[in-house]
file target-v1.tsv (TSV, C-alpha atoms)
chain	number	residue	atom	x	y	z
A	738	MET	CA	-12.76	76.72	-52.73
A	739	ARG	CA	-9.07	77.08	-53.64
A	740	PRO	CA	-6.71	75.34	-51.21
A	741	ASP	CA	-3.88	77.66	-50.22
A	742	VAL	CA	-0.40	77.25	-51.65
A	743	PRO	CA	1.35	75.92	-48.46
A	744	GLN	CA	-1.31	73.19	-48.27
A	745	ILE	CA	-0.53	72.21	-51.85
A	746	TRP	CA	3.21	72.06	-51.10
A	747	ASP	CA	2.35	69.62	-48.28
A	748	TRP	CA	0.39	67.44	-50.67
A	749	LEU	CA	3.25	67.47	-53.16
A	750	ASP	CA	5.65	66.49	-50.38
A	751	ALA	CA	3.77	63.19	-50.25
A	752	VAL	CA	4.42	62.40	-53.94
A	753	PRO	CA	7.39	59.99	-54.07
A	754	ASP	CA	10.26	60.25	-56.53
A	755	PRO	CA	9.64	57.26	-58.86
A	756	GLU	CA	13.29	56.16	-58.78
A	757	ILE	CA	14.04	56.60	-55.06
A	758	PRO	CA	10.60	56.48	-53.42
A	759	VAL	CA	11.89	57.24	-49.90
A	760	ILE	CA	12.17	60.90	-50.86
A	761	SER	CA	9.45	63.11	-52.30
A	762	VAL	CA	9.54	65.22	-55.45
A	763	VAL	CA	9.72	68.24	-53.11
A	764	ASP	CA	12.73	66.76	-51.24
A	765	LEU	CA	14.40	66.19	-54.59
A	766	GLY	CA	14.06	69.90	-55.34
A	767	ILE	CA	12.38	69.52	-58.72
A	768	VAL	CA	9.15	71.33	-57.83
A	769	ARG	CA	10.10	74.93	-58.48
A	770	ASN	CA	6.89	76.85	-58.03
A	771	VAL	CA	3.23	76.46	-57.13
A	772	GLU	CA	0.78	79.25	-57.84
A	773	TRP	CA	-2.79	79.92	-58.72
A	774	ASP	CA	-3.52	81.47	-62.10
A	775	GLY	CA	-7.20	82.28	-61.68
A	776	ASP	CA	-8.89	78.92	-61.18
A	777	THR	CA	-5.95	76.99	-62.59
A	778	LEU	CA	-3.17	75.68	-60.39
A	779	GLU	CA	0.20	75.93	-62.09
A	780	VAL	CA	3.04	73.70	-60.88
A	781	ALA	CA	6.51	74.34	-62.31
A	782	VAL	CA	8.70	71.24	-62.45
A	783	THR	CA	12.34	71.06	-63.53
A	784	PRO	CA	13.98	67.92	-64.97
A	785	THR	CA	17.06	66.58	-63.15
A	786	TYR	CA	18.77	65.72	-66.44
A	787	SER	CA	17.54	66.85	-69.85
A	788	GLY	CA	16.58	63.37	-70.99
A	789	CYS	CA	15.38	62.02	-67.67
A	790	PRO	CA	12.85	59.32	-68.68
A	791	ALA	CA	11.01	59.73	-65.35
A	792	THR	CA	9.99	63.32	-66.13
A	793	SER	CA	6.63	62.44	-67.69
A	794	ILE	CA	5.89	59.88	-64.93
A	795	ILE	CA	6.57	62.59	-62.33
A	796	SER	CA	4.18	64.99	-64.04
A	797	ILE	CA	1.48	62.31	-64.11
A	798	ASP	CA	2.10	61.44	-60.44
A	799	ILE	CA	1.81	65.10	-59.41
A	800	GLU	CA	-1.35	65.58	-61.40
A	801	THR	CA	-2.89	62.38	-59.99
A	802	ALA	CA	-2.08	63.39	-56.40
A	803	LEU	CA	-3.64	66.82	-56.86
A	804	ARG	CA	-6.76	65.34	-58.48
A	805	ASP	CA	-7.08	62.99	-55.51
A	806	HIS	CA	-7.26	66.12	-53.35
A	807	GLY	CA	-10.11	67.43	-55.48
A	808	LEU	CA	-8.28	69.79	-57.85
A	809	ASP	CA	-9.39	69.75	-61.48
A	810	ASN	CA	-7.68	72.60	-63.27
A	811	ILE	CA	-4.00	71.78	-63.14
A	812	ARG	CA	-1.23	72.91	-65.43
A	813	ILE	CA	2.23	71.33	-65.17
A	814	LYS	CA	4.89	73.62	-66.60
A	815	THR	CA	8.46	72.54	-67.40
A	816	GLN	CA	10.98	75.08	-66.17
A	817	ILE	CA	14.64	74.47	-67.08
A	818	ALA	CA	16.32	77.45	-65.40
A	819	PRO	CA	18.00	77.59	-62.99
A	820	ASP	CA	19.23	74.10	-63.77
A	821	TRP	CA	18.94	71.32	-61.23
A	822	THR	CA	21.96	70.14	-59.25
A	823	THR	CA	22.15	67.98	-56.13
A	824	ASP	CA	22.31	71.26	-54.15
A	825	TRP	CA	18.52	71.39	-54.61
A	826	LEU	CA	18.02	68.35	-52.37
A	827	SER	CA	16.38	69.34	-49.08
A	828	ASP	CA	18.01	68.54	-45.73
A	829	LYS	CA	15.06	66.29	-44.97
A	830	GLY	CA	15.69	64.51	-48.28
A	831	ARG	CA	19.40	64.08	-47.50
A	832	ASN	CA	18.61	62.53	-44.13
A	833	LYS	CA	16.06	60.17	-45.66
A	834	LEU	CA	18.57	59.09	-48.29
A	835	GLU	CA	21.15	58.34	-45.62
A	836	GLU	CA	18.65	56.33	-43.53
A	837	TYR	CA	17.74	54.41	-46.67
A	838	GLY	CA	21.41	53.51	-47.24
A	839	ILE	CA	22.31	55.91	-50.06
A	840	ALA	CA	25.16	58.30	-49.28
A	841	PRO	CA	23.67	61.75	-49.87
A	842	PRO	CA	25.64	63.99	-52.24
A	843	ARG	CA	27.84	66.48	-50.42
A	844	ALA	CA	30.07	69.33	-51.43
A	845	ALA	CA	33.63	68.31	-52.36
A	846	GLY	CA	35.51	66.69	-49.50
A	847	GLY	CA	33.79	63.34	-49.26
A	848	PRO	CA	31.57	61.81	-46.61
A	849	GLU	CA	31.46	63.24	-43.10
A	850	ARG	CA	31.71	59.88	-41.43
B	958	MET	CA	16.97	91.46	-85.61
B	959	ALA	CA	17.56	88.01	-87.01
B	960	GLN	CA	14.98	86.54	-89.34
B	961	ALA	CA	12.91	83.72	-87.86
B	962	ALA	CA	14.02	81.51	-90.73
B	963	ASP	CA	17.69	81.93	-89.79
B	964	LEU	CA	16.96	81.27	-86.13
B	965	PHE	CA	14.98	78.15	-87.04
B	966	GLU	CA	17.92	76.96	-89.13
B	967	PHE	CA	20.39	77.58	-86.30
B	968	LEU	CA	18.20	75.77	-83.74
B	969	CYS	CA	17.82	72.79	-86.07
B	970	ARG	CA	21.61	72.63	-86.35
B	971	MET	CA	21.98	72.48	-82.58
B	972	GLY	CA	19.14	69.99	-82.16
B	973	ASP	CA	20.05	67.76	-85.08
B	974	ASN	CA	23.65	67.41	-83.85
B	975	THR	CA	22.40	66.17	-80.49
B	976	LEU	CA	19.63	64.05	-82.04
B	977	VAL	CA	21.81	62.24	-84.55
B	978	LEU	CA	24.71	61.71	-82.12
B	979	GLY	CA	22.22	60.68	-79.41
B	980	HIS	CA	20.72	58.06	-81.69
B	981	ARG	CA	24.12	56.78	-82.77
B	982	VAL	CA	25.23	56.45	-79.15
B	983	SER	CA	21.98	54.70	-78.22
B	984	GLU	CA	22.77	52.03	-80.82
B	985	TRP	CA	25.36	50.72	-78.36
B	986	CYS	CA	22.81	50.06	-75.65
B	987	GLY	CA	23.26	46.42	-74.64
B	988	HIS	CA	26.36	45.99	-76.82
B	989	ALA	CA	29.07	48.03	-75.08
B	990	PRO	CA	32.43	46.42	-74.25
B	991	ALA	CA	31.89	46.75	-70.48
B	992	LEU	CA	28.83	47.16	-68.26
B	993	GLU	CA	29.98	50.53	-66.89
B	994	GLU	CA	30.41	51.81	-70.43
B	995	ASP	CA	27.01	50.47	-71.47
B	996	ILE	CA	25.41	52.53	-68.71
B	997	ALA	CA	27.53	55.60	-69.48
B	998	LEU	CA	26.63	55.38	-73.18
B	999	ALA	CA	22.91	55.03	-72.50
B	1000	ASN	CA	22.97	57.99	-70.13
B	1001	THR	CA	24.94	60.10	-72.59
B	1002	ALA	CA	22.41	59.23	-75.29
B	1003	LEU	CA	19.58	60.23	-72.96
B	1004	ASP	CA	21.22	63.58	-72.21
B	1005	LEU	CA	21.60	64.24	-75.92
B	1006	ILE	CA	18.01	63.28	-76.74
B	1007	GLY	CA	16.82	65.46	-73.85
B	1008	GLN	CA	18.81	68.39	-75.22
B	1009	THR	CA	17.27	67.67	-78.62
B	1010	GLN	CA	13.78	68.05	-77.17
B	1011	MET	CA	14.71	71.52	-75.95
B	1012	TRP	CA	16.41	72.69	-79.15
B	1013	LEU	CA	13.87	71.25	-81.57
B	1014	GLY	CA	11.04	72.32	-79.27
B	1015	LEU	CA	12.24	75.90	-79.54
B	1016	ALA	CA	12.83	75.49	-83.29
B	1017	ALA	CA	9.22	74.37	-83.73
B	1018	GLU	CA	7.98	77.30	-81.65
B	1019	VAL	CA	10.06	79.79	-83.66
B	1020	GLU	CA	8.86	78.27	-86.92
B	1021	GLY	CA	5.24	78.74	-85.83
B	1022	LYS	CA	3.72	76.19	-88.18
B	1023	GLY	CA	2.25	73.99	-85.50
B	1024	ARG	CA	4.99	71.35	-85.66
B	1025	SER	CA	6.41	69.81	-82.48
B	1026	ALA	CA	9.92	68.63	-81.55
B	1027	ASP	CA	8.70	65.08	-82.25
B	1028	ASP	CA	7.45	66.10	-85.71
B	1029	LEU	CA	10.82	67.60	-86.55
B	1030	ALA	CA	12.72	64.55	-85.29
B	1031	MET	CA	10.53	61.82	-86.70
B	1032	LEU	CA	8.90	63.24	-89.83
B	1033	ARG	CA	11.67	65.10	-91.65
B	1034	ASP	CA	13.72	63.28	-94.25
B	1035	ALA	CA	17.51	63.34	-94.59
B	1036	TRP	CA	17.67	66.51	-96.72
B	1037	ASP	CA	16.01	68.55	-93.99
B	1038	PHE	CA	18.51	67.52	-91.29
B	1039	ARG	CA	21.15	70.10	-90.34
B	1040	ASN	CA	23.66	68.08	-88.29
B	1041	VAL	CA	27.35	68.08	-89.17
B	1042	LEU	CA	28.44	65.04	-91.18
B	1043	LEU	CA	30.67	63.92	-88.30
B	1044	VAL	CA	27.84	62.76	-86.06
B	1045	GLU	CA	26.05	60.65	-88.68
B	1046	GLN	CA	29.10	58.46	-89.31
B	1047	PRO	CA	28.45	54.84	-88.30
B	1048	ASN	CA	29.78	53.60	-84.97
B	1049	ARG	CA	32.03	50.91	-86.46
B	1050	ASP	CA	34.20	49.92	-83.47
B	1051	TYR	CA	34.32	51.40	-80.01
B	1052	GLY	CA	37.39	53.49	-80.86
B	1053	VAL	CA	35.51	55.29	-83.65
B	1054	THR	CA	32.50	55.81	-81.40
B	1055	ILE	CA	34.39	57.34	-78.51
B	1056	LEU	CA	36.65	59.47	-80.70
B	1057	LEU	CA	33.64	60.81	-82.61
B	1058	GLN	CA	31.97	61.61	-79.30
B	1059	TYR	CA	35.12	63.35	-78.13
B	1060	LEU	CA	35.46	65.51	-81.25
B	1061	LEU	CA	31.86	66.67	-80.98
B	1062	ASP	CA	32.13	67.21	-77.19
B	1063	ALA	CA	35.25	69.37	-77.63
B	1064	TRP	CA	33.23	71.71	-79.85
B	1065	HIS	CA	29.96	71.37	-77.96
B	1066	VAL	CA	31.26	72.57	-74.59
B	1067	ASP	CA	32.68	75.78	-76.05
B	1068	MET	CA	29.63	76.42	-78.18
B	1069	LEU	CA	27.26	75.99	-75.23
B	1070	GLN	CA	29.42	78.21	-73.07
B	1071	ARG	CA	29.29	80.95	-75.69
B	1072	LEU	CA	25.51	80.55	-75.99
B	1073	GLY	CA	25.33	81.32	-72.27
B	1074	THR	CA	25.61	84.99	-73.23
B	1075	SER	CA	23.18	84.86	-76.14
B	1076	THR	CA	20.78	87.76	-76.56
B	1077	ASP	CA	17.96	85.18	-76.66
B	1078	GLN	CA	17.04	84.19	-73.09
B	1079	ARG	CA	15.46	80.91	-74.21
B	1080	ILE	CA	18.78	79.90	-75.74
B	1081	VAL	CA	20.67	80.96	-72.59
B	1082	GLU	CA	18.51	78.59	-70.51
B	1083	ILE	CA	18.86	75.59	-72.83
B	1084	ALA	CA	22.62	76.20	-73.11
B	1085	ALA	CA	23.06	76.34	-69.33
B	1086	LYS	CA	21.21	73.06	-68.85
B	1087	SER	CA	23.12	71.39	-71.69
B	1088	HIS	CA	26.56	72.76	-70.77
B	1089	LYS	CA	26.58	70.93	-67.45
B	1090	GLU	CA	25.91	67.64	-69.25
B	1091	ALA	CA	28.34	68.30	-72.10
B	1092	THR	CA	31.10	69.05	-69.59
B	1093	TYR	CA	30.65	65.55	-68.17
B	1094	HIS	CA	30.55	64.04	-71.67
B	1095	LEU	CA	33.84	65.74	-72.50
B	1096	ALA	CA	35.51	64.60	-69.28
B	1097	ARG	CA	34.52	61.01	-69.99
B	1098	SER	CA	35.32	60.90	-73.72
B	1099	SER	CA	38.69	62.67	-73.41
B	1100	THR	CA	39.76	60.28	-70.63
B	1101	ILE	CA	38.92	57.22	-72.71
B	1102	VAL	CA	40.50	58.63	-75.88
B	1103	THR	CA	43.71	59.19	-73.93
B	1104	ALA	CA	43.62	55.77	-72.29
B	1105	LEU	CA	43.00	53.90	-75.55
B	1106	GLY	CA	45.39	55.99	-77.64
B	1107	ASP	CA	48.16	55.59	-75.08
B	1108	GLY	CA	47.16	52.00	-74.35
B	1109	THR	CA	48.09	48.69	-75.98
B	1110	ALA	CA	49.48	48.35	-79.50
B	1111	GLU	CA	46.04	47.17	-80.62
B	1112	SER	CA	44.07	49.99	-78.99
B	1113	HIS	CA	46.58	52.58	-80.23
B	1114	ALA	CA	46.36	51.29	-83.80
B	1115	ARG	CA	42.56	51.34	-83.71
B	1116	MET	CA	42.45	54.88	-82.32
B	1117	GLN	CA	44.87	56.10	-84.99
B	1118	GLU	CA	42.72	54.45	-87.66
B	1119	ALA	CA	39.64	56.12	-86.15
B	1120	LEU	CA	41.37	59.50	-86.15
B	1121	ASP	CA	42.49	59.17	-89.77
B	1122	LEU	CA	38.92	58.24	-90.70
B	1123	LEU	CA	37.16	61.05	-88.79
B	1124	TRP	CA	39.64	63.90	-89.18
B	1125	PRO	CA	38.21	65.17	-92.50
B	1126	TYR	CA	34.86	65.66	-90.73
B	1127	VAL	CA	36.22	68.03	-88.05
B	1128	GLY	CA	36.47	71.17	-90.19
B	1129	GLU	CA	32.74	71.42	-90.89
B	1130	MET	CA	32.11	72.42	-87.25
B	1131	PHE	CA	34.03	75.66	-87.90
B	1132	ALA	CA	32.70	76.52	-91.38
B	1133	ASP	CA	30.68	79.74	-91.58
B	1134	ASP	CA	27.74	80.52	-93.79
B	1135	ALA	CA	24.97	83.13	-94.00
B	1136	VAL	CA	23.12	81.64	-91.00
B	1137	ASP	CA	26.24	81.98	-88.81
B	1138	LYS	CA	26.59	85.56	-89.94
B	1139	ALA	CA	22.98	86.39	-89.15
B	1140	MET	CA	23.22	84.76	-85.70
B	1141	ALA	CA	26.46	86.59	-84.88
B	1142	GLU	CA	25.10	89.96	-86.00
B	1143	ALA	CA	22.03	89.51	-83.79
B	1144	GLY	CA	24.22	88.46	-80.85
B	1145	ILE	CA	22.43	85.13	-80.68
B	1146	ALA	CA	25.40	82.84	-81.31
B	1147	PRO	CA	29.09	83.07	-82.16
B	1148	ARG	CA	30.30	82.49	-85.68
B	1149	SER	CA	31.34	78.86	-86.10
B	1150	SER	CA	34.82	80.04	-87.08
B	1151	ASP	CA	35.17	81.95	-83.78
B	1152	LEU	CA	35.41	78.63	-81.97
B	1153	ARG	CA	38.11	77.13	-84.17
B	1154	ASP	CA	41.31	78.20	-82.39
B	1155	ALA	CA	40.30	77.28	-78.85
B	1156	VAL	CA	38.62	74.00	-79.80
B	1157	MET	CA	41.42	72.88	-82.11
B	1158	ALA	CA	44.00	73.64	-79.41
B	1159	ARG	CA	42.01	71.52	-76.95
B	1160	ILE	CA	41.70	68.65	-79.43
B	1161	THR	CA	45.38	68.75	-80.34
B	1162	ASP	CA	46.44	68.66	-76.67
B	1163	VAL	CA	44.37	65.55	-75.99
B	1164	LEU	CA	45.52	63.81	-79.18
B	1165	VAL	CA	49.17	64.47	-78.27
B	1166	GLU	CA	48.58	63.10	-74.78
B	1167	ALA	CA	46.92	60.09	-76.39
B	1168	THR	CA	50.14	59.62	-78.47
B	1169	LEU	CA	48.10	59.91	-81.68
B	1170	ARG	CA	49.43	61.52	-84.84
B	1171	VAL	CA	47.29	64.42	-86.03
B	1172	PRO	CA	46.66	63.80	-89.74
B	1173	ASP	CA	48.13	66.23	-92.27
B	1174	GLY	CA	45.96	68.59	-94.26
B	1175	ASP	CA	42.83	70.56	-93.55
B	1176	PHE	CA	40.44	69.12	-96.12
B	1177	ALA	CA	36.94	69.09	-94.70
B	1178	HIS	CA	33.84	67.26	-95.91
B	1179	LYS	CA	30.91	69.68	-95.73
B	1180	GLY	CA	27.23	69.81	-96.53
B	1181	GLY	CA	25.60	68.47	-93.36
B	1182	LYS	CA	24.90	71.66	-91.44
B	1183	THR	CA	23.73	73.47	-94.56
B	1184	GLY	CA	21.71	70.42	-95.66
B	1185	PHE	CA	23.41	70.54	-99.07
B	1186	GLN	CA	24.42	66.90	-99.03
B	1187	HIS	CA	24.49	64.37	-96.21
B	1188	THR	CA	26.45	61.13	-96.38
B	1189	GLU	CA	24.52	57.98	-97.24
B	1190	HIS	CA	24.70	56.91	-93.59
B	1191	LEU	CA	22.09	59.40	-92.38
B	1192	GLY	CA	19.28	57.92	-94.47
B	1193	HIS	CA	20.03	54.43	-93.17
B	1194	MET	CA	20.00	55.74	-89.62
B	1195	LEU	CA	16.66	57.50	-90.12
B	1196	VAL	CA	15.09	54.30	-91.49
B	1197	ALA	CA	15.65	52.71	-88.07
B	1198	MET	CA	15.02	55.81	-85.97
B	1199	GLN	CA	11.80	56.88	-87.71
B	1200	ASN	CA	10.43	53.44	-88.45
B	1201	LEU	CA	7.61	53.53	-85.94
B	1202	GLN	CA	6.20	56.91	-86.98
B	1203	ARG	CA	6.56	56.00	-90.65
B	1204	SER	CA	4.79	52.66	-90.20
B	1205	TYR	CA	2.12	53.87	-87.77
B	1206	PRO	CA	1.74	57.63	-88.41
B	1207	GLY	CA	0.67	59.55	-85.33
B	1208	ALA	CA	1.13	56.58	-82.98
B	1209	THR	CA	1.34	57.62	-79.32
B	1210	TRP	CA	1.63	55.69	-76.08

call {"tool": "encode", "arguments": {"input": "target-v1.tsv", "output": "structure tokens"}}
result
Amino acid sequence: MRPDVPQIWDWLDAVPDPEIPVISVVDLGIVRNVEWDGDTLEVAVTPTYSGCPATSIISIDIETALRDHGLDNIRIKTQIAPDWTTDWLSDKGRNKLEEYGIAPPRAAGGPER
Amino acid sequence: MAQAADLFEFLCRMGDNTLVLGHRVSEWCGHAPALEEDIALANTALDLIGQTQMWLGLAAEVEGKGRSADDLAMLRDAWDFRNVLLVEQPNRDYGVTILLQYLLDAWHVDMLQRLGTSTDQRIVEIAAKSHKEATYHLARSSTIVTALGDGTAESHARMQEALDLLWPYVGEMFADDAVDKAMAEAGIAPRSSDLRDAVMARITDVLVEATLRVPDGDFAHKGGKTGFQHTEHLGHMLVAMQNLQRSYPGATW
């Protein structure tokens, strides 16, 4: 049985960013797409910066999490456009960063408080 | 329609510039004059190596001979590299390093911006990703060039020495050949010479602000981007960079 796509997004939202584990890879905005291609689940991931050394770790973490939920046919695709900026952080992610003690990136104008 | 061979050549030029500069910059890791700079240098090197993976990855795909970006980076010898001679020059002191970075950045930002309207969508995407990073590199390197040039007597003298040393390597970035012509005709990339006026004006403005004297003459060392003849420094660099794959072919981890 194929789990539906919203369910998979929920699972991915439990995969922590390796560098700042209080937010998930979904909060960070680097998971761009999740879709079934026949029996294969394709997850499109975008790197934050071109040479980000955590990129391969993130792919392994995503694959491991999905395998733990019983998926076998998984394809991780690198998608570079549109390019990542801090605008891709979710509101939930921004709040978690702030609680953790990291000032979340904001549009020009500086912190709100 | 451009020939695949010309496109491969062009992509190697883009990727080898970022690879060779990225490796040179990474040589500073742990040795920079200040901790902040050490981190900035390592991150700049990472950006450049990441961009290399995209350019050489596409080059390998276009070539269609089953080679990967890693194969191109680690298993070609000096004569197959297509970077401009500027980026293979040794780091020497920090003044040379940052000025070299600046000169390449000044060209890189314009080149990537122009590639944003390439007829090849794959190139548009790589250029957009890289342009954001190159814009930061340029902001950082131009600030430091200005601060050191217009700094103490010692820093000024070193920056002037660096400029006199590197100036003859600037012209190669704007030299056209048959590959440039093929890319321009296919709408894939601008001619190298199309970038000259805007980039040289930018460079001159920063050098004036840095109180540096622009050297006389327009002699340019060439042969890197065509692969005709690299300087002896590239081979020495590759010995270090490729050591692992040469000693343990196919090693992975």

call {"tool": "closest_residue", "arguments": {"input": "target-v1.tsv", "among": "A:Arg804, A:Trp748, A:Pro790, A:Met738", "to": "A:Ser761", "atoms": "all atoms listed in the file"}}
result
A:Trp748

call {"tool": "interface_residues", "arguments": {"input": "target-v1.tsv", "of": "chain A", "to": "chain B", "cutoff": "8 Å", "atoms": "only C-alpha atoms", "output": "list in words"}}
result
Tyr786, Ser787, Gly788, Cys789, Ile817, Ala818, Pro819 and Asp820 of chain A

call {"tool": "closest_residue", "arguments": {"input": "target-v1.tsv", "among": "B:Glu1118, B:Gly1207, B:Thr1103, B:Trp1064", "to": "B:Ser1150", "atoms": "all atoms listed in the file"}}
result
B:Trp1064

call {"tool": "atom_distance", "arguments": {"input": "target-v1.tsv", "atom1": "atom CA of B:Arg970", "atom2": "atom CA of B:Gly1014"}}
result
12.7 Å

call {"tool": "closest_residue", "arguments": {"input": "target-v1.tsv", "among": "B:Ile1055, B:Met1116, B:Ala961, B:Ala1135", "to": "B:Ala997", "atoms": "all atoms listed in the file"}}
result
B:Ile1055

call {"tool": "atom_distance", "arguments": {"input": "target-v1.tsv", "atom1": "atom CA of A:Arg739", "atom2": "atom CA of A:Leu778"}}
result
9.1 Å

call {"tool": "axis_aligned_box", "arguments": {"input": "target-v1.tsv", "around": "stretch 1009-1024 of chain B", "padding_each_side": "8 Å", "output": "lines of an AutoDock Vina configuration file"}}
result
center_x = 9.8
center_y = 73.7
center_z = -82.1
size_x = 31.0
size_y = 28.1
size_z = 28.2

call {"tool": "atom_distance", "arguments": {"input": "target-v1.tsv", "atom1": "atom CA of B:Val1196", "atom2": "atom CA of B:Val1053"}}
result
21.9 Å

call {"tool": "decode", "arguments": {"input": "target-v1.tsv", "residues": "stretch 1031-1044 of chain B", "atoms": "N, CA and C atoms", "output": "short mmCIF file (atom, residue, chain, number, x, y, z; two decimals), in the first residue's frame"}}
result
data_model
loop_
_atom_site.label_atom_id
_atom_site.label_comp_id
_atom_site.auth_asym_id
_atom_site.auth_seq_id
_atom_site.Cartn_x
_atom_site.Cartn_y
_atom_site.Cartn_z
N MET B 1031 39.11 14.89 -10.66
CA MET B 1031 40.21 14.16 -10.02
C MET B 1031 41.07 13.32 -10.97
N LEU B 1032 40.59 13.07 -12.19
CA LEU B 1032 41.33 12.16 -13.06
C LEU B 1032 41.83 12.79 -14.36
N ARG B 1033 41.59 14.09 -14.53
CA ARG B 1033 42.22 14.75 -15.70
C ARG B 1033 43.58 15.29 -15.28
N ASP B 1034 44.48 15.40 -16.25
CA ASP B 1034 45.77 16.00 -15.94
C ASP B 1034 45.77 17.47 -16.40
N ALA B 1035 46.84 18.18 -16.08
CA ALA B 1035 46.88 19.63 -16.26
C ALA B 1035 46.44 20.07 -17.66
N TRP B 1036 46.88 19.34 -18.71
CA TRP B 1036 46.59 19.80 -20.07
C TRP B 1036 45.10 19.74 -20.43
N ASP B 1037 44.33 19.04 -19.65
CA ASP B 1037 42.89 18.99 -19.92
C ASP B 1037 42.10 20.00 -19.10
N PHE B 1038 42.75 20.77 -18.25
CA PHE B 1038 42.06 21.80 -17.47
C PHE B 1038 41.87 23.05 -18.33
N ARG B 1039 40.75 23.75 -18.09
CA ARG B 1039 40.38 24.88 -18.93
C ARG B 1039 40.17 26.17 -18.14
N ASN B 1040 40.74 26.23 -16.93
CA ASN B 1040 40.64 27.45 -16.12
C ASN B 1040 41.59 28.52 -16.65
N VAL B 1041 41.24 29.78 -16.38
CA VAL B 1041 42.16 30.87 -16.73
C VAL B 1041 43.40 30.77 -15.83
N LEU B 1042 44.53 31.25 -16.37
CA LEU B 1042 45.80 31.14 -15.64
C LEU B 1042 45.76 31.87 -14.30
N LEU B 1043 44.94 32.92 -14.23
CA LEU B 1043 44.83 33.72 -13.00
C LEU B 1043 44.60 32.84 -11.77
N VAL B 1044 43.62 31.95 -11.85
CA VAL B 1044 43.19 31.23 -10.65
C VAL B 1044 44.16 30.15 -10.18
#
